[in-house]
Every structure is written in structure tokens, then in C-alpha cells.
Amino acid sequence: MADATLTFDEAMEQFDPVLGFEVHVELNTKTKMFSSAPNAFGDDPNTNVNEVDLGLPGVLPVVNKAAVESSIKIGLALNCEIAESCRFARKNYFYPDTPKNFQTSQYDEPIAHDGWIDIELEDGEVFRVEIERAHMEEDAGKLTHLGGAAGRIQGAEYSLVDYNRAGVPLVEIVTKPIVGAGRRAPELARAYVAAIREIVKNLGVSDARMERGNVRCDANVSLMPKGATKFGIRSETKNVNSLRSVEHAVRFEIQRHAAVLAAGAKVTQETRHWHEDTRTTTAGRPKSDADDYRYFPEPDLVPIHASREWVESLRAQLPEPPAERRKRLKTAWGYSDPEFRDVVNAGVMDAIEETISAGASAAAARKWWMGEIVGRAKVADVDPAELGVSAAAIVELNGLVEGGKLNNKMAGQVLDGVIAGEGTPTQVMEARGLVLVSDDGPLLEAIDAALAAQPDVADKIRAGKVQAVGAIVGGVMKATRGQADAGRVKELILERLGVSA
Amino acid sequence: MAEITRDDVAHLAQLARIEMSPEELDRMAGELAHIVDAVKSVSEAAGPDVPATSHPIALSNVFREDTVGHVLTPAEALSGAPDAEEHRFRVPAILDEE
């Protein structure tokens with residue numbers, strides 16, 4: 001049965017939402033958190049495992065130093081305190097994705113705590129999200145449920161387990177309750193997860209591909225009556241794994257909670273499953289004994305002491321934060337707010353930066369990427385960068401247009417050739433015989449022919465109807481197969497007819 | 001003496017997926033209380049001046065470099081599996097959590 005919901009507006013009239021997020025980030029180390037087996041995505045099942053990942057008797061885990069350093073970098077990027085001493089803990093539960101029957105995690109002593117990040121929404125409004133903690137742990141294996149309805153756990157007869165993902169290093173980032181977002185809560189949810197994804201990608205510590213599960217979000221939502229300060233009962237929507245889903249899931253849960261509370265009932269504290277197809281959630285399991293994880297300090301691992309020298313040396317390696325970089329580039333390039341926003345949303349900011357460093361003006365770089373390449377990428381259904389147009393190629397192409405060697409239409413054809421792998425712009429131009437007819441001789445011949453073909457139009461122009469010149473220009477462009485400078489053609493026609501523009 | 005009720009034992013048994021008879025639950029309630037008391041005697045030996053520790057050896061920062069090492073073949077990985085299919089471990093359907 002579908003859950004009742006209020007409209008979002010109705011919900012917002014009566015309630016204030018409180019949000020909380022747990023974001024899991026898979027690190028892109030070469031090996032796993034506690035074993036030297038490869039950390040790789042997409043390989044054949046159970047080819048990236050050893051005895052440690054399988055939890056076989058007698059094995060001992062050893063901590064991956066690079067994973068610890070990546071975790072500290074994440075903590076620093078989130079303005080956290082890095083614990084001078086921290087340790088691992090066992091989180092005990094029985095489920096076949098974890099062959100040891102416990103997940104090695106951190107409990108009372110996370111490596112990073114008490115941080116914050118400022119999240120800027122599209123219109124520039126900034127919310128500060130406080131970070132409770134970021135702790136290290138390991139990922140679980142992947143289950144495939146078979147029999148019954150394919151892929152669904154309900155009705156499945158058995159499950160197949162691939163432990164390639166078991167032991168992959170994870171950092172779990174937990175926020176403090178986020179109060180005061182009001183009707184912008186769904187947007188903020190999306191922007192927060194986007195910011196975390198961007199930060200870990202920028203740090204180079206994760207591939208940050210949500211479609212591969214590198215960044216996964218559990219979203220907590222509760223409502224309290226407007227003006228109240230005591231939090232309501234929350235639900236936790238698990239594994240909301242795209243930015244769009246995060247926004248929709250938070251919106252849906254707000255509307256669902258509002259309907260429950262408005263009817264005088266109590267929200268059940270439970271996990272919820274997100275369904276992208278219907279954009280709704282359904283009840284998972286309620287909080288129960290299953291959550292009694294009996295954490296205790298991991299006896300097979302010794303504590304980690306993060307000396308201040310170590311932390312500072314890692315801090316010195318941090319790249320410029322993405323938000324600051326955007327501000328700097330926008331100012332340097334002189335783009336307007338909407339222009340810059342379009343560039344960011346199209347995912348070509350890095351490409352434009354490269355193109356400018358390769359020698360293009362900011363305006364030219366934007367013209368090529370936003371005006372030409374983004375559209376072609378959309379048609380091909382790939383990311384603009386994947387079309388393989390180098391910054392050098394754009395600078396060269398732009399030079400050919402500015403130098404009068406190509407008109408815009410021909411430049412588009414050259415770009416197509418570059419994308420098709422036919423070589424540099426100059427090579428494509430030569431190979432395709434794209435030469436702008438700049439010698440007036442052939443142009444005048446074509447103009448005379450076009451005027452002769454349309455004598456009535458010629459008369460109109462002579463009589464002062466200058467805008468009619470377009471029809472003649474069209475004829476000339478056709479005759480020269482587009483390889484003429486339309487502006488020059490227009491000048492010549494008017495000259496020929498003795499009319500001033 | 002520590003208070004360990006029959007319900008506590010039943011709860012622990014459930015968490016640990018151990019099936020226990022009513023007689024066993026009764027017996028273990030008493031025995032566990034003794035065990036907890038025995039462990040508690042550690043607190044008599046260690047005064048407030050002794051910091052808590054999770055490890056008997058004073059070591060920290062035992063790390064491994066991030067270099068790929070020993071890996072099993074799928075056949076080796078699955079050699080101890082009660083059941084396998086398509087190079088994966090085959091397990092009964094478990095309707096617990098996802």
C-alpha cells in the first residue's frame with residue numbers, strides 16, 4: 001500500500017525538517033583496507049580476494065597506510081580535528097556479505113571528528129553543515145539474489161556472493177543534525193552529497209563515481225512542528241545513490257512524515273528503501289535487536305597515532321578546495337553568474353581552464369566548449385571531455401577562425417573531423433578541402449551568377465531593400481559550398497550593386 | 001554478584017545465533033554471572049592511574065604499504081565453500097536486512 005503524503009507546501013506550512021547524512025566513500029587505494037588483495041571494480045567474481053578478505057581462520061589484518069592517509073585528508077578537507085590516537089572496533093552482525101561475521105570499523109574513537117563544510121546552493125545561499133565524525137571501515141561483499149523474482153531479496157531462493165568488494169577501504173562521513181534548511185532541505189541534501197563527492201574526487205582519494213557505488217548516501221529525515229526545538233522521530237533511507245535520488249528521497253520522506261504527523265500518528269523509527277522508479281520509499285526493518293552490534297575494540301589491530309607532523313605534512317598536500325577554486329576561476333574569467341553556472345553544470349570547467357592555459361581567451365574557450373562541444377556531447381550521450389578534443393586543438397581551431405582561414409560553419413565541420421579522430425584542425429581542414437574562399441575573383445563570379453539568377457531580388461536591393469541581400473548571400477554560399485566568408489560576400493554584393501549598407 | 005538474567009542470556013544467544021534449550025538458558029544465566037565477576041576482578045588490579053588499553057602490547061601504527069600482494073584464484077577462494085555457483089559463494093536466501 002502506498003504511503004499517504006502531504007504536498008511539499010503543506011508539509012512546509014506545518015513542519016521544520018531536520019536532516020542528517022551518512023555518506024560512505026570508497027577509497028581508490030590499490031589494495032584493501034586490511035589485506036594486500038587488489039581494490040578494483042568490475043573484475044570477475046572472487047578474483048580480488050585473499051584469506052583475510054574471506055575471514056578464514058588464523059588470518060591477521062594489517063592496516064593500509066595509504067588508506068589512513070586518505071582518511072586523514074578527507075578529515076582535513078572537512079575541517080575536522082584529526083584524533084591524536086584512534087582505534088578500530090568490531091561491529092558484530094551475521095550476514096553473508098561479511099564473511100568474518102563482523103565489520104572492522106571505528107566506534108568510540110574515529111580518526112576525524114568535529115568538522116564543517118559550507119554548502120552553497122545554486123542561488124548562492126550558503127548553509128554550514130557540521131560534521132560529527134569521519135571514520136574508517138571496510139566495505140562488504142556483493143550479494144546477488146536469485147530465484148523468485150529476479151534480483152529481489154523477497155522471494156529469492158538463494159544468493160550468490162562475490163567478495164571482491166569485501167575489505168575495500170571506506171570512510172563514513174556522519175553529519176550532525178542539520179536544522180534550519182526549511183523548504184530548501186531537498187536541495188541542500190543534494191548539494192551536500194555533491195559537495196562531498198566533489199571534495200573526495202578533488203583530493204584524489206576516491207574515484208567518486210556514484211553509479212559504481214564509490215559514494216553512497218543514507219539520508220535521515222525527521223520533522224518537528226514549526227518553531228519547535230525537540231527533534232521528531234527519524235527515518236533512515238538507505239543507499240540513495242544518485243544526486244537526483246537524494247533530493248527526491250528527502251522530499252518524499254518530508255511529505256510522508258508530514259502526513260503521518262498531521263494525522264496525529266507517530267513516525268516509526270525504521271530504515272526505508274528508496275525506489276527510483278516510483279520515487280517513493282518503502283519500510284525496511286524497524287530498529288531492533290539486529291542493531292545490537294556489540295562493538296568492542298579490535299584485538300587484532302593496534303591503535304593509530306597521528307602525529308601532528310604527519311597530519312601537517314598531509315595538510316600541506318591538500319589541493320585547493322573546489323568551492324574556492326570556482327570562486328577564483330569565475331573572477332579570473334569574468335563570466336556572469338548564469339554563464340559560469342552553465343559551465344559548471346555542463347561539467348566543462350576543467351576543460352575551459354585547460355583551454356585558457358593553452359592560450360585561448362576566456363571568451364573563446366567558453367564559446368567553443370559551451371557553443372560547440374557540449375551540444376555534440378549531448379547528441380553522442382557522453383561527457384564533453386570524453387569527445388577527446390584537446391585544449392591545443394581548440395586553440396588551433398580558434399586561431400584558424402580568427403585568422404580568417406575558416407568561417408564558423410566550416411570550423412564546425414573541422415571540429416567534427418577532430419572528434420572523429422581525423423587529426424589536428426589543420427590536418428582535418430586540408431584533408432577535407434575546407435578552404436575559405438577569400439580571393440574576391442571567384443566570389444565575384446558567384447555573386448554575378450546569383451544576381452543574374454534572381455534579378456527581382458537584385459532590383460529590390462538596388463531600390464534600397466538592403467535586407468533582401470540575404471537571398472543573394474545564400475546563393476553565393478551554396479555555390480561555394482559554404483566555403484566563403486558570408487560577411488565579405490555581403491560587402492561585395494552591395495558594392496556590386498552600388499548600394500551602401 | 002553480577003546480575004545476568006535468563007532474558008539476557010536468551011538475547012545474547014539470539015544475537016549470536018546460538019540455539020539454547022530452556023535448561024541451558026537457566027544454567028548459563030548463573031554461569032555467565034560468575035564469568036563476569038571473574039573478569040571484573042581485573043578492575044581491582046588496575047587502579048585509576050592505569051589507562052585503559054585494548055591491546056596487550058604497546059605498539060601503534062603498524063602499517064602496510066599500498067602494494068598489491070597475495071591473491072587467491074577463484075578456485076582457491078571457493079575451495080572451502082559448502083556450495084558455489086558461477087565462481088561465487090552460494091548461500092541460502094536470508095530475509096534479514098539488505
# chains A, B, ... in the order shown; residues from 1 in each chain; ligands from 1
>>> residues_around(residues="Arg481 of chain A", least_positions_apart="4", cutoff="12 Å", atoms="only C-alpha atoms", output="PDB file with all heavy atoms, in the first residue's frame")
ATOM      1  N   LYS A 409      30.899  27.961 -39.799  1.00  0.00           N
ATOM      2  CA  LYS A 409      30.284  26.728 -40.280  1.00  0.00           C
ATOM      3  C   LYS A 409      31.356  25.690 -40.600  1.00  0.00           C
ATOM      4  O   LYS A 409      31.263  24.518 -40.211  1.00  0.00           O
ATOM      5  CB  LYS A 409      29.455  27.048 -41.529  1.00  0.00           C
ATOM      6  CG  LYS A 409      28.749  25.839 -42.094  1.00  0.00           C
ATOM      7  CD  LYS A 409      27.671  26.243 -43.090  1.00  0.00           C
ATOM      8  CE  LYS A 409      27.125  25.017 -43.778  1.00  0.00           C
ATOM      9  NZ  LYS A 409      27.605  24.904 -45.159  1.00  0.00           N
ATOM     10  N   MET A 410      32.402  26.164 -41.305  1.00  0.00           N
ATOM     11  CA  MET A 410      33.485  25.233 -41.642  1.00  0.00           C
ATOM     12  C   MET A 410      34.219  24.775 -40.388  1.00  0.00           C
ATOM     13  O   MET A 410      34.640  23.624 -40.282  1.00  0.00           O
ATOM     14  CB  MET A 410      34.467  25.921 -42.592  1.00  0.00           C
ATOM     15  CG  MET A 410      33.856  26.188 -43.959  1.00  0.00           C
ATOM     16  SD  MET A 410      34.729  27.521 -44.792  1.00  0.00           S
ATOM     17  CE  MET A 410      36.247  26.723 -45.223  1.00  0.00           C
ATOM     18  N   GLY A 433      39.517  19.463 -47.528  1.00  0.00           N
ATOM     19  CA  GLY A 433      39.473  20.519 -48.535  1.00  0.00           C
ATOM     20  C   GLY A 433      38.633  21.702 -48.111  1.00  0.00           C
ATOM     21  O   GLY A 433      37.954  22.324 -48.928  1.00  0.00           O
ATOM     22  N   LEU A 434      38.650  21.998 -46.828  1.00  0.00           N
ATOM     23  CA  LEU A 434      37.860  23.116 -46.335  1.00  0.00           C
ATOM     24  C   LEU A 434      38.713  24.379 -46.385  1.00  0.00           C
ATOM     25  O   LEU A 434      39.523  24.636 -45.504  1.00  0.00           O
ATOM     26  CB  LEU A 434      37.407  22.841 -44.895  1.00  0.00           C
ATOM     27  CG  LEU A 434      36.414  21.688 -44.757  1.00  0.00           C
ATOM     28  CD1 LEU A 434      36.317  21.230 -43.320  1.00  0.00           C
ATOM     29  CD2 LEU A 434      35.045  22.106 -45.273  1.00  0.00           C
ATOM     30  N   VAL A 435      38.559  25.125 -47.474  1.00  0.00           N
ATOM     31  CA  VAL A 435      39.350  26.340 -47.616  1.00  0.00           C
ATOM     32  C   VAL A 435      38.393  27.502 -47.823  1.00  0.00           C
ATOM     33  O   VAL A 435      37.544  27.474 -48.720  1.00  0.00           O
ATOM     34  CB  VAL A 435      40.308  26.228 -48.816  1.00  0.00           C
ATOM     35  CG1 VAL A 435      41.164  27.489 -48.920  1.00  0.00           C
ATOM     36  CG2 VAL A 435      41.192  25.001 -48.663  1.00  0.00           C
ATOM     37  N   LEU A 436      38.523  28.488 -46.985  1.00  0.00           N
ATOM     38  CA  LEU A 436      37.648  29.647 -47.092  1.00  0.00           C
ATOM     39  C   LEU A 436      38.002  30.404 -48.369  1.00  0.00           C
ATOM     40  O   LEU A 436      39.163  30.704 -48.624  1.00  0.00           O
ATOM     41  CB  LEU A 436      37.861  30.550 -45.870  1.00  0.00           C
ATOM     42  CG  LEU A 436      36.869  31.679 -45.676  1.00  0.00           C
ATOM     43  CD1 LEU A 436      35.476  31.133 -45.451  1.00  0.00           C
ATOM     44  CD2 LEU A 436      37.288  32.539 -44.500  1.00  0.00           C
ATOM     45  N   VAL A 437      36.999  30.657 -49.214  1.00  0.00           N
ATOM     46  CA  VAL A 437      37.248  31.388 -50.454  1.00  0.00           C
ATOM     47  C   VAL A 437      37.392  32.859 -50.092  1.00  0.00           C
ATOM     48  O   VAL A 437      36.428  33.546 -49.809  1.00  0.00           O
ATOM     49  CB  VAL A 437      36.100  31.176 -51.451  1.00  0.00           C
ATOM     50  CG1 VAL A 437      36.395  31.923 -52.734  1.00  0.00           C
ATOM     51  CG2 VAL A 437      35.914  29.702 -51.722  1.00  0.00           C
ATOM     52  N   LEU A 443      34.589  34.802 -55.841  1.00  0.00           N
ATOM     53  CA  LEU A 443      33.390  35.265 -55.147  1.00  0.00           C
ATOM     54  C   LEU A 443      32.557  36.152 -56.069  1.00  0.00           C
ATOM     55  O   LEU A 443      31.335  36.010 -56.146  1.00  0.00           O
ATOM     56  CB  LEU A 443      33.756  36.056 -53.879  1.00  0.00           C
ATOM     57  CG  LEU A 443      34.259  35.233 -52.693  1.00  0.00           C
ATOM     58  CD1 LEU A 443      34.501  36.141 -51.488  1.00  0.00           C
ATOM     59  CD2 LEU A 443      33.247  34.152 -52.329  1.00  0.00           C
ATOM     60  N   ALA A 446      30.635  34.163 -58.512  1.00  0.00           N
ATOM     61  CA  ALA A 446      29.468  33.530 -57.891  1.00  0.00           C
ATOM     62  C   ALA A 446      28.384  34.563 -57.614  1.00  0.00           C
ATOM     63  O   ALA A 446      27.187  34.293 -57.749  1.00  0.00           O
ATOM     64  CB  ALA A 446      29.880  32.824 -56.598  1.00  0.00           C
ATOM     65  N   VAL A 473      23.248  36.294 -50.763  1.00  0.00           N
ATOM     66  CA  VAL A 473      24.342  35.696 -49.975  1.00  0.00           C
ATOM     67  C   VAL A 473      24.157  34.182 -49.919  1.00  0.00           C
ATOM     68  O   VAL A 473      25.092  33.410 -50.129  1.00  0.00           O
ATOM     69  CB  VAL A 473      24.393  36.286 -48.543  1.00  0.00           C
ATOM     70  CG1 VAL A 473      25.421  35.543 -47.690  1.00  0.00           C
ATOM     71  CG2 VAL A 473      24.712  37.777 -48.580  1.00  0.00           C
ATOM     72  N   GLY A 474      22.894  33.779 -49.695  1.00  0.00           N
ATOM     73  CA  GLY A 474      22.582  32.342 -49.634  1.00  0.00           C
ATOM     74  C   GLY A 474      22.990  31.644 -50.915  1.00  0.00           C
ATOM     75  O   GLY A 474      23.586  30.561 -50.879  1.00  0.00           O
ATOM     76  N   GLY A 475      22.667  32.272 -52.034  1.00  0.00           N
ATOM     77  CA  GLY A 475      23.008  31.678 -53.327  1.00  0.00           C
ATOM     78  C   GLY A 475      24.514  31.534 -53.490  1.00  0.00           C
ATOM     79  O   GLY A 475      25.006  30.492 -53.963  1.00  0.00           O
ATOM     80  N   VAL A 476      25.231  32.554 -53.054  1.00  0.00           N
ATOM     81  CA  VAL A 476      26.693  32.519 -53.179  1.00  0.00           C
ATOM     82  C   VAL A 476      27.277  31.427 -52.278  1.00  0.00           C
ATOM     83  O   VAL A 476      28.156  30.662 -52.675  1.00  0.00           O
ATOM     84  CB  VAL A 476      27.300  33.900 -52.823  1.00  0.00           C
ATOM     85  CG1 VAL A 476      28.831  33.824 -52.813  1.00  0.00           C
ATOM     86  CG2 VAL A 476      26.823  34.960 -53.816  1.00  0.00           C
ATOM     87  N   MET A 477      26.774  31.355 -51.042  1.00  0.00           N
ATOM     88  CA  MET A 477      27.282  30.343 -50.110  1.00  0.00           C
ATOM     89  C   MET A 477      27.045  28.946 -50.666  1.00  0.00           C
ATOM     90  O   MET A 477      27.877  28.058 -50.515  1.00  0.00           O
ATOM     91  CB  MET A 477      26.612  30.481 -48.730  1.00  0.00           C
ATOM     92  CG  MET A 477      26.915  31.785 -47.992  1.00  0.00           C
ATOM     93  SD  MET A 477      28.666  32.162 -47.793  1.00  0.00           S
ATOM     94  CE  MET A 477      29.120  31.020 -46.492  1.00  0.00           C
ATOM     95  N   ASP A 485      33.352  33.603 -46.739  1.00  0.00           N
ATOM     96  CA  ASP A 485      33.093  34.424 -45.569  1.00  0.00           C
ATOM     97  C   ASP A 485      31.835  35.236 -45.871  1.00  0.00           C
ATOM     98  O   ASP A 485      31.847  36.120 -46.727  1.00  0.00           O
ATOM     99  CB  ASP A 485      34.323  35.315 -45.341  1.00  0.00           C
ATOM    100  CG  ASP A 485      34.117  36.264 -44.167  1.00  0.00           C
ATOM    101  OD1 ASP A 485      32.955  36.493 -43.764  1.00  0.00           O
ATOM    102  OD2 ASP A 485      35.123  36.779 -43.675  1.00  0.00           O
ATOM    103  N   ALA A 486      30.742  34.894 -45.177  1.00  0.00           N
ATOM    104  CA  ALA A 486      29.446  35.497 -45.506  1.00  0.00           C
ATOM    105  C   ALA A 486      29.482  37.020 -45.389  1.00  0.00           C
ATOM    106  O   ALA A 486      28.849  37.737 -46.172  1.00  0.00           O
ATOM    107  CB  ALA A 486      28.367  34.918 -44.595  1.00  0.00           C
TER     108      ALA A 486
END
>>> select_by_dssp(residues="segment 89-267 of chain A", states="alpha helix (DSSP H)", output="MDAnalysis selection string")
chainID A and resid 185:203 243:262
>>> write_last_selection(atoms="C-alpha atoms", output="PDB file, in the first residue's frame")
ATOM      1  CA  ALA A 185      16.098  20.794   2.629  1.00  0.00           C
ATOM      2  CA  PRO A 186      15.847  18.611  -0.514  1.00  0.00           C
ATOM      3  CA  GLU A 187      18.151  20.961  -2.443  1.00  0.00           C
ATOM      4  CA  LEU A 188      20.572  21.090   0.453  1.00  0.00           C
ATOM      5  CA  ALA A 189      20.602  17.285   0.616  1.00  0.00           C
ATOM      6  CA  ARG A 190      21.600  17.077  -2.998  1.00  0.00           C
ATOM      7  CA  ALA A 191      24.147  19.873  -2.709  1.00  0.00           C
ATOM      8  CA  TYR A 192      25.719  18.316   0.381  1.00  0.00           C
ATOM      9  CA  VAL A 193      26.267  14.945  -1.253  1.00  0.00           C
ATOM     10  CA  ALA A 194      27.513  16.685  -4.408  1.00  0.00           C
ATOM     11  CA  ALA A 195      29.982  18.650  -2.300  1.00  0.00           C
ATOM     12  CA  ILE A 196      31.291  15.531  -0.548  1.00  0.00           C
ATOM     13  CA  ARG A 197      31.665  13.787  -3.885  1.00  0.00           C
ATOM     14  CA  GLU A 198      33.495  16.769  -5.306  1.00  0.00           C
ATOM     15  CA  ILE A 199      35.804  17.069  -2.302  1.00  0.00           C
ATOM     16  CA  VAL A 200      36.893  13.423  -2.304  1.00  0.00           C
ATOM     17  CA  LYS A 201      37.344  13.498  -6.067  1.00  0.00           C
ATOM     18  CA  ASN A 202      39.382  16.680  -5.849  1.00  0.00           C
ATOM     19  CA  LEU A 203      41.527  15.121  -3.108  1.00  0.00           C
ATOM     20  CA  LEU A 243      22.301  13.133  -6.546  1.00  0.00           C
ATOM     21  CA  ARG A 244      18.831  13.293  -8.046  1.00  0.00           C
ATOM     22  CA  SER A 245      17.647  10.449  -5.808  1.00  0.00           C
ATOM     23  CA  VAL A 246      18.989  12.142  -2.688  1.00  0.00           C
ATOM     24  CA  GLU A 247      16.928  15.232  -3.422  1.00  0.00           C
ATOM     25  CA  HIS A 248      13.796  13.239  -4.258  1.00  0.00           C
ATOM     26  CA  ALA A 249      14.150  10.868  -1.312  1.00  0.00           C
ATOM     27  CA  VAL A 250      14.425  13.697   1.200  1.00  0.00           C
ATOM     28  CA  ARG A 251      11.449  15.444  -0.378  1.00  0.00           C
ATOM     29  CA  PHE A 252       9.379  12.264  -0.311  1.00  0.00           C
ATOM     30  CA  GLU A 253      10.233  11.475   3.300  1.00  0.00           C
ATOM     31  CA  ILE A 254       9.321  15.020   4.379  1.00  0.00           C
ATOM     32  CA  GLN A 255       5.938  14.649   2.671  1.00  0.00           C
ATOM     33  CA  ARG A 256       5.387  11.172   4.125  1.00  0.00           C
ATOM     34  CA  HIS A 257       6.342  12.144   7.683  1.00  0.00           C
ATOM     35  CA  ALA A 258       4.105  15.218   7.416  1.00  0.00           C
ATOM     36  CA  ALA A 259       1.107  13.062   6.519  1.00  0.00           C
ATOM     37  CA  VAL A 260       1.769  10.706   9.441  1.00  0.00           C
ATOM     38  CA  LEU A 261       2.180  13.561  11.934  1.00  0.00           C
ATOM     39  CA  ALA A 262      -0.714  15.618  10.569  1.00  0.00           C
TER      40      ALA A 262
END
>>> interface_residues(of="chain A", to="chain B", cutoff="8 Å", atoms="only C-alpha atoms", output="VMD selection string")
chain A and resid 29 to 31 36 to 38 45 to 51 54 62 to 66 93 95 to 96 145 153 to 154 156 to 162 284 to 285 289 to 290 292 297 to 299 302 to 305
>>> residues_around(residues="segment 28-34 of chain B", least_positions_apart="6", cutoff="10 Å", atoms="only C-alpha atoms", output="list in words")
Met1, Ala2, Glu3, Ile4, Thr5, Arg6, Asp7, Asp8, Val9, Ala10, Met20, Pro22 and Lys40 of chain B
>>> residues_around(residues="Trp274 of chain A", least_positions_apart="3", cutoff="8 Å", atoms="only C-alpha atoms", output="CSV table (one decimal) with N, CA and C atoms, in the first residue's frame")
chain,number,residue,atom,x,y,z
A,237,THR,N,16.7,6.6,5.2
A,237,THR,CA,16.6,6.0,3.8
A,237,THR,C,17.9,5.5,3.3
A,238,LYS,N,18.1,4.3,3.1
A,238,LYS,CA,19.4,3.6,2.8
A,238,LYS,C,19.7,3.7,1.3
A,239,ASN,N,21.0,3.8,1.1
A,239,ASN,CA,21.6,3.6,-0.2
A,239,ASN,C,20.9,4.5,-1.3
A,240,VAL,N,20.9,5.8,-1.1
A,240,VAL,CA,20.3,6.7,-2.1
A,240,VAL,C,21.5,7.1,-2.9
A,249,ALA,N,14.4,11.7,-2.5
A,249,ALA,CA,14.2,10.9,-1.3
A,249,ALA,C,13.9,11.7,-0.1
A,279,ARG,N,9.9,6.9,-7.2
A,279,ARG,CA,10.3,8.0,-6.4
A,279,ARG,C,9.6,8.0,-5.0
A,280,THR,N,9.6,6.8,-4.5
A,280,THR,CA,9.0,6.6,-3.1
A,280,THR,C,9.9,5.7,-2.3
A,281,THR,N,9.6,5.7,-1.0
A,281,THR,CA,10.3,4.8,-0.1
A,281,THR,C,9.4,3.8,0.4
A,282,THR,N,9.9,2.6,0.8
A,282,THR,CA,9.1,1.6,1.5
A,282,THR,C,9.8,1.2,2.8
>>> select_by_dssp(residues="segment 228-269 of chain A", states="strand (DSSP E)", output="tab-separated table (two decimals) with C-alpha atoms, in the first residue's frame")
chain	number	residue	atom	x	y	z
A	235	SER	CA	13.64	7.53	9.33
A	236	GLU	CA	16.82	6.48	7.57
A	237	THR	CA	16.57	5.99	3.83
A	238	LYS	CA	19.37	3.64	2.82
A	239	ASN	CA	21.56	3.64	-0.25
A	240	VAL	CA	20.32	6.66	-2.10
